[in-house]
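Engineer: Would you mind keeping the following structure in view while I ask a few things?
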Amino acid sequence: MPDTLTPDSLNKIAYETFQQGKQAFGFAHKTLSTQFLNTFAETKREEPNPPDPKMLQLLQSRIKDLLKADWEDAEKNVYPKQALFANRWDDFFRYYPELWLDLPKIWERATNKRHQEFSDDIDTTGYPAYYVQNFHHQTDGYFSKISADMYDLQVEVLFNGTAAPMRRRILTPLKQHLMSMPVDTGSSPQPRKILDIACGTGNSLEWINRAMPEVSLYGVDLSPAYVRKANENLADIKGTLPAQLVQANAEALPFVDEFFEATTSTFLFHELPADARQNVINEAFRVTKPGGIFVICDSVQKMDTPEFEPLMENFPAMFHEPYYRHYIGDDLVARLETAGFKNVKTFNYFMSKYWVAVK
Ligand SMILES: C[S@@+](CC[C@H](N)C(=O)[O-])C[C@H]1O[C@@H](n2cnc3c(N)ncnc32)[C@H](O)[C@@H]1O
């Protein structure tokens, strides 16, 4: 607690309290849902050992570092402070009961190891086989409206409210790099363009817009339902143009060469097999302008924090992430360099890792 209370220190306390509330909500939901299923579910599932006190302490200290960086970046005006309190409340209240109703289905699917189970009206023809999965045991995988509607809430619970602070860590390198690039002084100067690869429900694009409202936003995702949801979420953003979102495979981006000043991607690569990871990186390189930047945020890897290895080993089994085990040992720096990127830098926050690469 600071010695004197200024409006700013009160803001900081409010932000910390807001995040603690999210953490408490995540823990409470997980504890209650496990108790509920252990009492009522027909099939019992073996639970992994809970993290030991030393691990819990380490996790808490990493969350503290993440939130400190989040607040400091807001203080440096990377994004507005008041935006730190933004949340998709409408969806949260509307879909929270659905989360409970969905729980027994997820449990049954997880217990019986059914990983490719979709509603009858879903047509998975034409999608790559690696994508036709119930990632995180999610009902309908990425293929339905209800999956897209519940996604943010599920991620919120999974990461105890830290998903947004983790995503926001892409913004400082992105903004700094864009500001250092020469300005278009032609007769009809074009706004800068950023493509978010696997944009999901549009979270990262929303934050890029808050940090740089003057930039033109583009997004691509393989899920029609998620692209639709992102369109809804981004309908009211401020900026030069509405966000332009397309449904496509990131292994074959539907854009001409060297179109974007920057490309980004959050939480995609751990859900791709190795060859698809390389294909997406090659495509990001192709569509980025020379001098442009590619910023990735994804899960922490084994070489970063060996102490987290037990958690990383549990994750794919608990949440059905078939490519995660390979991902945590994969050398993405080498992949980025193979594609042609230079000056690749990496850093970590909490359970996430970042790659910043220049073309
Ligand atoms: C874990 S979600 C991350 C979504 C979003 N970036 C976020 O930060 O919340 C993974 C996303 O990757 C998309 N995806 C997976 N494989 C893809 C591919 N080959 N091409 C395009 N999108 C893909 C999925 O549809 C899903 O929306």
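Within each chain, counting starts at residue 1; across the structure tokens, chains are named A, B, ... in the order shown, with ligands numbered 1 upward in that order.
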Could you list, as a list in words, every residue within 8 Å of stretch 278-286 of chain A, counting only C-alpha atoms and ignoring same-chain residues fewer than 5 positions away?
Structural biologist: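 These residues fall inside the cut-off: Ala250, Glu251, Ala252, Leu253, Asp257, Glu258, Thr263, Phe294, Arg335, Leu336, Ala339, Gly340, Phe341 and Lys359 of chain A.
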Engineer: Those residues you just picked out, can you put them in a file as a PDB file, in the first residue's frame with N, CA and C atoms?
Structural biologist:
ATOM      1  N   ALA A 250      -4.404 -20.092 -41.926  1.00  0.00           N
ATOM      2  CA  ALA A 250      -3.205 -19.258 -41.809  1.00  0.00           C
ATOM      3  C   ALA A 250      -2.002 -19.871 -42.522  1.00  0.00           C
ATOM      4  N   GLU A 251      -2.124 -21.137 -42.932  1.00  0.00           N
ATOM      5  CA  GLU A 251      -1.036 -21.744 -43.715  1.00  0.00           C
ATOM      6  C   GLU A 251      -1.037 -21.240 -45.158  1.00  0.00           C
ATOM      7  N   ALA A 252      -2.104 -20.558 -45.560  1.00  0.00           N
ATOM      8  CA  ALA A 252      -2.186 -19.996 -46.919  1.00  0.00           C
ATOM      9  C   ALA A 252      -2.948 -18.679 -46.800  1.00  0.00           C
ATOM     10  N   LEU A 253      -2.281 -17.643 -46.316  1.00  0.00           N
ATOM     11  CA  LEU A 253      -2.969 -16.385 -46.012  1.00  0.00           C
ATOM     12  C   LEU A 253      -3.483 -15.722 -47.294  1.00  0.00           C
ATOM     13  N   ASP A 257       1.805 -10.361 -51.110  1.00  0.00           N
ATOM     14  CA  ASP A 257       3.107 -10.269 -50.435  1.00  0.00           C
ATOM     15  C   ASP A 257       3.303  -8.853 -49.870  1.00  0.00           C
ATOM     16  N   GLU A 258       3.987  -8.771 -48.761  1.00  0.00           N
ATOM     17  CA  GLU A 258       4.481  -7.510 -48.180  1.00  0.00           C
ATOM     18  C   GLU A 258       3.384  -6.456 -48.033  1.00  0.00           C
ATOM     19  N   THR A 263       2.571  -8.218 -38.216  1.00  0.00           N
ATOM     20  CA  THR A 263       1.680  -9.373 -38.035  1.00  0.00           C
ATOM     21  C   THR A 263       1.828  -9.814 -36.575  1.00  0.00           C
ATOM     22  N   PHE A 294       6.963  -9.217 -36.650  1.00  0.00           N
ATOM     23  CA  PHE A 294       6.016 -10.298 -36.325  1.00  0.00           C
ATOM     24  C   PHE A 294       6.141 -10.551 -34.818  1.00  0.00           C
ATOM     25  N   ARG A 335      12.722 -21.684 -36.422  1.00  0.00           N
ATOM     26  CA  ARG A 335      11.670 -21.640 -37.454  1.00  0.00           C
ATOM     27  C   ARG A 335      11.538 -20.233 -38.041  1.00  0.00           C
ATOM     28  N   LEU A 336      11.581 -19.222 -37.174  1.00  0.00           N
ATOM     29  CA  LEU A 336      11.455 -17.838 -37.649  1.00  0.00           C
ATOM     30  C   LEU A 336      12.644 -17.496 -38.543  1.00  0.00           C
ATOM     31  N   ALA A 339      12.377 -19.026 -41.935  1.00  0.00           N
ATOM     32  CA  ALA A 339      11.472 -18.277 -42.818  1.00  0.00           C
ATOM     33  C   ALA A 339      12.151 -17.024 -43.372  1.00  0.00           C
ATOM     34  N   GLY A 340      13.161 -16.504 -42.665  1.00  0.00           N
ATOM     35  CA  GLY A 340      13.862 -15.303 -43.137  1.00  0.00           C
ATOM     36  C   GLY A 340      13.855 -14.164 -42.131  1.00  0.00           C
ATOM     37  N   PHE A 341      13.168 -14.329 -40.995  1.00  0.00           N
ATOM     38  CA  PHE A 341      13.146 -13.257 -39.985  1.00  0.00           C
ATOM     39  C   PHE A 341      14.534 -13.102 -39.355  1.00  0.00           C
ATOM     40  N   LYS A 359      11.485  -8.470 -40.160  1.00  0.00           N
ATOM     41  CA  LYS A 359      11.730  -8.940 -41.542  1.00  0.00           C
ATOM     42  C   LYS A 359      12.790  -8.048 -42.190  1.00  0.00           C
TER      43      LYS A 359
END
Engineer: Neighbours of ligand 1 at 8 Å or closer, counting only C-alpha atoms and all ligand atoms: which residues, as a ChimeraX atom specification?
Structural biologist: /A:128,131,142,151-152,155,163,167,196-204,220-223,226,247-251,265-268,271-272,276,280
Engineer: With N, CA and C atoms retained, export the selected residues as a CSV table (one decimal), in the first residue's frame.
Structural biologist:
chain,number,residue,atom,x,y,z
A,128,PRO,N,-8.2,-28.9,-42.2
A,128,PRO,CA,-7.1,-29.8,-42.0
A,128,PRO,C,-7.4,-30.8,-40.8
A,131,TYR,N,-7.1,-29.8,-37.2
A,131,TYR,CA,-8.0,-28.8,-36.6
A,131,TYR,C,-9.3,-29.4,-36.2
A,142,TYR,N,-13.9,-25.7,-32.5
A,142,TYR,CA,-14.0,-24.3,-32.8
A,142,TYR,C,-15.1,-24.1,-33.9
A,151,TYR,N,-16.1,-19.0,-25.4
A,151,TYR,CA,-14.6,-19.1,-25.5
A,151,TYR,C,-13.9,-18.2,-24.4
A,152,ASP,N,-14.3,-16.9,-24.5
A,152,ASP,CA,-13.6,-15.9,-23.6
A,152,ASP,C,-13.8,-16.3,-22.1
A,155,VAL,N,-11.6,-19.2,-21.2
A,155,VAL,CA,-10.1,-18.9,-21.1
A,155,VAL,C,-9.9,-18.1,-19.8
A,163,ALA,N,-5.4,-13.9,-18.9
A,163,ALA,CA,-5.2,-14.0,-20.4
A,163,ALA,C,-5.0,-12.7,-21.0
A,167,ARG,N,-1.9,-11.4,-23.2
A,167,ARG,CA,-2.0,-10.9,-24.6
A,167,ARG,C,-1.4,-9.5,-24.7
A,196,ASP,N,-3.7,-9.8,-37.5
A,196,ASP,CA,-3.7,-10.8,-36.3
A,196,ASP,C,-4.1,-12.2,-36.9
A,197,ILE,N,-3.1,-13.1,-36.8
A,197,ILE,CA,-3.3,-14.4,-37.4
A,197,ILE,C,-3.9,-15.3,-36.3
A,198,ALA,N,-5.0,-16.0,-36.7
A,198,ALA,CA,-5.8,-16.8,-35.7
A,198,ALA,C,-6.4,-15.8,-34.7
A,199,CYS,N,-7.2,-14.9,-35.2
A,199,CYS,CA,-7.7,-13.8,-34.3
A,199,CYS,C,-8.7,-14.3,-33.3
A,200,GLY,N,-9.2,-15.5,-33.5
A,200,GLY,CA,-10.2,-16.0,-32.5
A,200,GLY,C,-11.4,-15.0,-32.4
A,201,THR,N,-11.8,-14.7,-31.2
A,201,THR,CA,-13.0,-13.8,-31.0
A,201,THR,C,-12.6,-12.3,-31.0
A,202,GLY,N,-11.3,-12.0,-31.4
A,202,GLY,CA,-10.9,-10.6,-31.6
A,202,GLY,C,-10.3,-9.9,-30.5
A,203,ASN,N,-9.8,-10.7,-29.4
A,203,ASN,CA,-9.3,-10.0,-28.3
A,203,ASN,C,-8.0,-9.2,-28.6
A,204,SER,N,-7.1,-9.8,-29.3
A,204,SER,CA,-5.8,-9.1,-29.5
A,204,SER,C,-6.1,-7.9,-30.4
A,220,VAL,N,-7.5,-12.9,-39.3
A,220,VAL,CA,-7.8,-14.2,-40.1
A,220,VAL,C,-8.0,-15.3,-39.1
A,221,ASP,N,-8.9,-16.1,-39.3
A,221,ASP,CA,-9.1,-17.3,-38.4
A,221,ASP,C,-9.8,-18.4,-39.3
A,222,LEU,N,-9.5,-19.7,-38.9
A,222,LEU,CA,-10.1,-20.8,-39.7
A,222,LEU,C,-11.5,-21.1,-39.3
A,223,SER,N,-12.0,-20.6,-38.2
A,223,SER,CA,-13.3,-20.9,-37.7
A,223,SER,C,-14.3,-19.8,-38.2
A,226,TYR,N,-15.9,-18.2,-35.1
A,226,TYR,CA,-15.1,-17.3,-34.3
A,226,TYR,C,-14.9,-16.0,-35.1
A,247,GLN,N,-12.2,-15.5,-43.0
A,247,GLN,CA,-12.1,-16.9,-42.6
A,247,GLN,C,-11.1,-17.6,-43.6
A,248,ALA,N,-10.0,-18.1,-43.1
A,248,ALA,CA,-9.0,-18.7,-44.0
A,248,ALA,C,-8.0,-19.5,-43.1
A,249,ASN,N,-7.3,-20.4,-43.8
A,249,ASN,CA,-6.2,-21.1,-43.1
A,249,ASN,C,-5.0,-20.3,-43.1
A,250,ALA,N,-4.4,-20.1,-41.9
A,250,ALA,CA,-3.2,-19.3,-41.8
A,250,ALA,C,-2.0,-19.9,-42.5
A,251,GLU,N,-2.1,-21.1,-42.9
A,251,GLU,CA,-1.0,-21.7,-43.7
A,251,GLU,C,-1.0,-21.2,-45.2
A,265,SER,N,0.2,-12.9,-33.5
A,265,SER,CA,-0.5,-14.1,-33.3
A,265,SER,C,-0.5,-14.4,-31.8
A,266,THR,N,-1.6,-14.7,-31.2
A,266,THR,CA,-1.7,-15.0,-29.8
A,266,THR,C,-2.3,-16.4,-29.6
A,267,PHE,N,-1.6,-17.3,-28.9
A,267,PHE,CA,-2.1,-18.6,-28.5
A,267,PHE,C,-2.5,-19.5,-29.6
A,268,LEU,N,-1.8,-19.4,-30.8
A,268,LEU,CA,-2.1,-20.3,-31.9
A,268,LEU,C,-1.1,-21.5,-32.0
A,271,GLU,N,-1.3,-25.1,-30.8
A,271,GLU,CA,-2.5,-25.9,-31.3
A,271,GLU,C,-2.2,-26.4,-32.7
A,272,LEU,N,-1.0,-26.2,-33.2
A,272,LEU,CA,-0.6,-26.6,-34.5
A,272,LEU,C,0.4,-27.7,-34.5
A,276,ALA,N,2.7,-27.4,-39.7
A,276,ALA,CA,1.8,-26.2,-39.9
A,276,ALA,C,2.4,-25.0,-39.2
A,280,VAL,N,2.8,-21.5,-41.2
A,280,VAL,CA,2.2,-20.2,-40.8
A,280,VAL,C,3.3,-19.2,-40.6
Engineer: Going by DSSP on the backbone, which bits of stretch 167-262 of chain A are alpha helix (DSSP H)? Write them as a PyMOL selection string, please.
Structural biologist: chain A and resi 167-168+171-180+203-211+224-233
Engineer: Would you mind exporting N, CA and C atoms of the selected residues as an mmCIF file, in the first residue's frame?
Structural biologist:
data_model
loop_
_atom_site.group_PDB
_atom_site.id
_atom_site.type_symbol
_atom_site.label_atom_id
_atom_site.label_comp_id
_atom_site.auth_asym_id
_atom_site.auth_seq_id
_atom_site.Cartn_x
_atom_site.Cartn_y
_atom_site.Cartn_z
ATOM 1 N N ARG A 167 -1.906 -11.359 -23.175
ATOM 2 C CA ARG A 167 -2.005 -10.884 -24.562
ATOM 3 C C ARG A 167 -1.430 -9.474 -24.707
ATOM 4 N N ARG A 168 -1.684 -8.625 -23.701
ATOM 5 C CA ARG A 168 -1.257 -7.219 -23.801
ATOM 6 C C ARG A 168 0.260 -7.054 -23.881
ATOM 7 N N LEU A 171 1.971 -5.627 -26.966
ATOM 8 C CA LEU A 171 1.706 -4.278 -27.457
ATOM 9 C C LEU A 171 2.930 -3.359 -27.405
ATOM 10 N N THR A 172 3.758 -3.495 -26.374
ATOM 11 C CA THR A 172 4.915 -2.594 -26.288
ATOM 12 C C THR A 172 5.878 -2.800 -27.467
ATOM 13 N N PRO A 173 6.336 -4.047 -27.720
ATOM 14 C CA PRO A 173 7.250 -4.192 -28.871
ATOM 15 C C PRO A 173 6.593 -3.805 -30.193
ATOM 16 N N LEU A 174 5.302 -4.090 -30.306
ATOM 17 C CA LEU A 174 4.583 -3.786 -31.545
ATOM 18 C C LEU A 174 4.538 -2.278 -31.777
ATOM 19 N N LYS A 175 4.145 -1.558 -30.748
ATOM 20 C CA LYS A 175 3.983 -0.103 -30.873
ATOM 21 C C LYS A 175 5.342 0.579 -31.081
ATOM 22 N N GLN A 176 6.323 0.136 -30.289
ATOM 23 C CA GLN A 176 7.660 0.741 -30.419
ATOM 24 C C GLN A 176 8.182 0.544 -31.832
ATOM 25 N N HIS A 177 8.016 -0.653 -32.361
ATOM 26 C CA HIS A 177 8.553 -0.917 -33.690
ATOM 27 C C HIS A 177 7.820 -0.094 -34.754
ATOM 28 N N LEU A 178 6.503 -0.051 -34.661
ATOM 29 C CA LEU A 178 5.735 0.703 -35.670
ATOM 30 C C LEU A 178 6.105 2.181 -35.638
ATOM 31 N N MET A 179 6.314 2.701 -34.408
ATOM 32 C CA MET A 179 6.666 4.122 -34.310
ATOM 33 C C MET A 179 8.047 4.405 -34.894
ATOM 34 N N SER A 180 8.895 3.375 -34.913
ATOM 35 C CA SER A 180 10.248 3.596 -35.450
ATOM 36 C C SER A 180 10.285 3.432 -36.971
ATOM 37 N N ASN A 203 -9.845 -10.684 -29.442
ATOM 38 C CA ASN A 203 -9.271 -10.030 -28.258
ATOM 39 C C ASN A 203 -8.022 -9.209 -28.560
ATOM 40 N N SER A 204 -7.071 -9.800 -29.267
ATOM 41 C CA SER A 204 -5.813 -9.072 -29.495
ATOM 42 C C SER A 204 -6.056 -7.858 -30.383
ATOM 43 N N LEU A 205 -6.935 -8.011 -31.380
ATOM 44 C CA LEU A 205 -7.225 -6.866 -32.257
ATOM 45 C C LEU A 205 -7.844 -5.720 -31.451
ATOM 46 N N GLU A 206 -8.695 -6.062 -30.506
ATOM 47 C CA GLU A 206 -9.321 -5.031 -29.685
ATOM 48 C C GLU A 206 -8.246 -4.254 -28.904
ATOM 49 N N TRP A 207 -7.270 -4.996 -28.396
ATOM 50 C CA TRP A 207 -6.209 -4.329 -27.632
ATOM 51 C C TRP A 207 -5.261 -3.540 -28.521
ATOM 52 N N ILE A 208 -4.998 -4.055 -29.711
ATOM 53 C CA ILE A 208 -4.144 -3.303 -30.646
ATOM 54 C C ILE A 208 -4.845 -1.983 -30.980
ATOM 55 N N ASN A 209 -6.153 -2.051 -31.147
ATOM 56 C CA ASN A 209 -6.924 -0.837 -31.439
ATOM 57 C C ASN A 209 -6.875 0.160 -30.287
ATOM 58 N N ARG A 210 -6.943 -0.345 -29.062
ATOM 59 C CA ARG A 210 -6.892 0.576 -27.916
ATOM 60 C C ARG A 210 -5.515 1.238 -27.836
ATOM 61 N N ALA A 211 -4.480 0.481 -28.197
ATOM 62 C CA ALA A 211 -3.119 1.018 -28.122
ATOM 63 C C ALA A 211 -2.808 1.921 -29.313
ATOM 64 N N PRO A 224 -15.291 -20.143 -39.004
ATOM 65 C CA PRO A 224 -16.299 -19.144 -39.397
ATOM 66 C C PRO A 224 -17.031 -18.583 -38.166
ATOM 67 N N ALA A 225 -17.314 -19.450 -37.189
ATOM 68 C CA ALA A 225 -18.066 -18.998 -36.009
ATOM 69 C C ALA A 225 -17.254 -17.981 -35.198
ATOM 70 N N TYR A 226 -15.941 -18.196 -35.098
ATOM 71 C CA TYR A 226 -15.106 -17.272 -34.326
ATOM 72 C C TYR A 226 -14.922 -15.957 -35.083
ATOM 73 N N VAL A 227 -14.825 -16.027 -36.419
ATOM 74 C CA VAL A 227 -14.699 -14.796 -37.202
ATOM 75 C C VAL A 227 -15.973 -13.959 -37.033
ATOM 76 N N ARG A 228 -17.119 -14.628 -37.042
ATOM 77 C CA ARG A 228 -18.391 -13.926 -36.855
ATOM 78 C C ARG A 228 -18.418 -13.252 -35.469
ATOM 79 N N LYS A 229 -17.985 -13.992 -34.476
ATOM 80 C CA LYS A 229 -17.975 -13.451 -33.104
ATOM 81 C C LYS A 229 -17.006 -12.257 -33.017
ATOM 82 N N ALA A 230 -15.854 -12.382 -33.668
ATOM 83 C CA ALA A 230 -14.882 -11.274 -33.646
ATOM 84 C C ALA A 230 -15.492 -10.050 -34.327
ATOM 85 N N ASN A 231 -16.227 -10.265 -35.428
ATOM 86 C CA ASN A 231 -16.895 -9.146 -36.099
ATOM 87 C C ASN A 231 -17.855 -8.442 -35.160
ATOM 88 N N GLU A 232 -18.616 -9.219 -34.392
ATOM 89 C CA GLU A 232 -19.547 -8.621 -33.421
ATOM 90 C C GLU A 232 -18.763 -7.833 -32.363
ATOM 91 N N ASN A 233 -17.703 -8.456 -31.850
ATOM 92 C CA ASN A 233 -16.936 -7.818 -30.772
ATOM 93 C C ASN A 233 -16.234 -6.549 -31.241
#
Engineer: Going by DSSP on the backbone, which residues of stretch 245-340 of chain A come out as strand (DSSP E)? List them as a PyMOL selection string.
Structural biologist: chain A and resi 245-247+260-266+288-299
Engineer: For A:Met181, list every protein, DNA or RNA residue within 9 Å, evaluated using only C-alpha atoms, and leave out those in the same chain fewer than 5 positions away; present the list as a list in words.
Structural biologist: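 Within the cut-off, the hits are Gln176, Glu261, Gly291 and Gly292 of chain A.
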Engineer: Have a look at A:Val300, A:Val183, A:Ala129, A:Ala24 and name the one nearest to A:Tyr354; count only C-alpha atoms.
Structural biologist: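 The answer is A:Val300, which sits nearest to A:Tyr354.
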Engineer: Which residue gives the smallest distance to A:Arg109 among A:Ile146, A:Val295, A:Met318, A:Leu59, with only C-alpha atoms counted?
Structural biologist: A:Met318
Engineer: Write out as JSON, numbers by chain which residues come within 12 Å of A:Phe18 when counting only C-alpha atoms, dropping same-chain ones fewer than 2 positions away.
Structural biologist: {"A": [11, 12, 13, 14, 15, 16, 20, 21, 22, 23, 24, 25, 67, 82, 84, 85, 86, 87, 160, 161, 162]}
Engineer: A:Ile194: which residues within 7 Å, counting only C-alpha atoms, same-chain residues fewer than 5 positions away excluded, as number ranges by chain?
Structural biologist: A: 216-218, 260-263
Engineer: Between A:Gly219, A:Asn343, A:Val157, A:Lys193, which one has atoms that come closest to A:Gly26, using only C-alpha atoms?
Structural biologist: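 Among the listed residues, the smallest separation from A:Gly26 belongs to A:Val157.
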Engineer: Kindly give the distance, in Å, that separates atom CA of A:Gln244 and atom CA of A:Ala148, rounded to a single decimal.
Structural biologist: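 Straight-line distance from atom CA of A:Gln244 to atom CA of A:Ala148 works out to 18.3 Å.
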Engineer: Could you name the residues that touch A:Phe308 at 9 Å or less, counting only C-alpha atoms, but leaving out those on the same chain fewer than 4 positions away, as a PyMOL selection string?
Structural biologist: chain A and resi 55+59+300-302+304+312-313+351
Engineer: Just how far from atom CA of A:His136 is atom CA of A:Phe93, in Å to one decimal?
Structural biologist: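 Taking atom CA of A:Phe93 and atom CA of A:His136, their separation equals 21.6 Å.
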Engineer: Which is closer to A:Thr139 than all the others in A:Leu103, A:Ile170, A:Ala83, A:Leu234, using only C-alpha atoms?
Structural biologist: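 So, comparing all the options, the nearest one is A:Leu103.
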Engineer: How many Å lie between atom CA of A:His270 and atom CA of A:Ile122, rounded to one decimal?
Structural biologist: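 According to the coordinates, atom CA of A:His270 and atom CA of A:Ile122 are separated by 24.3 Å.
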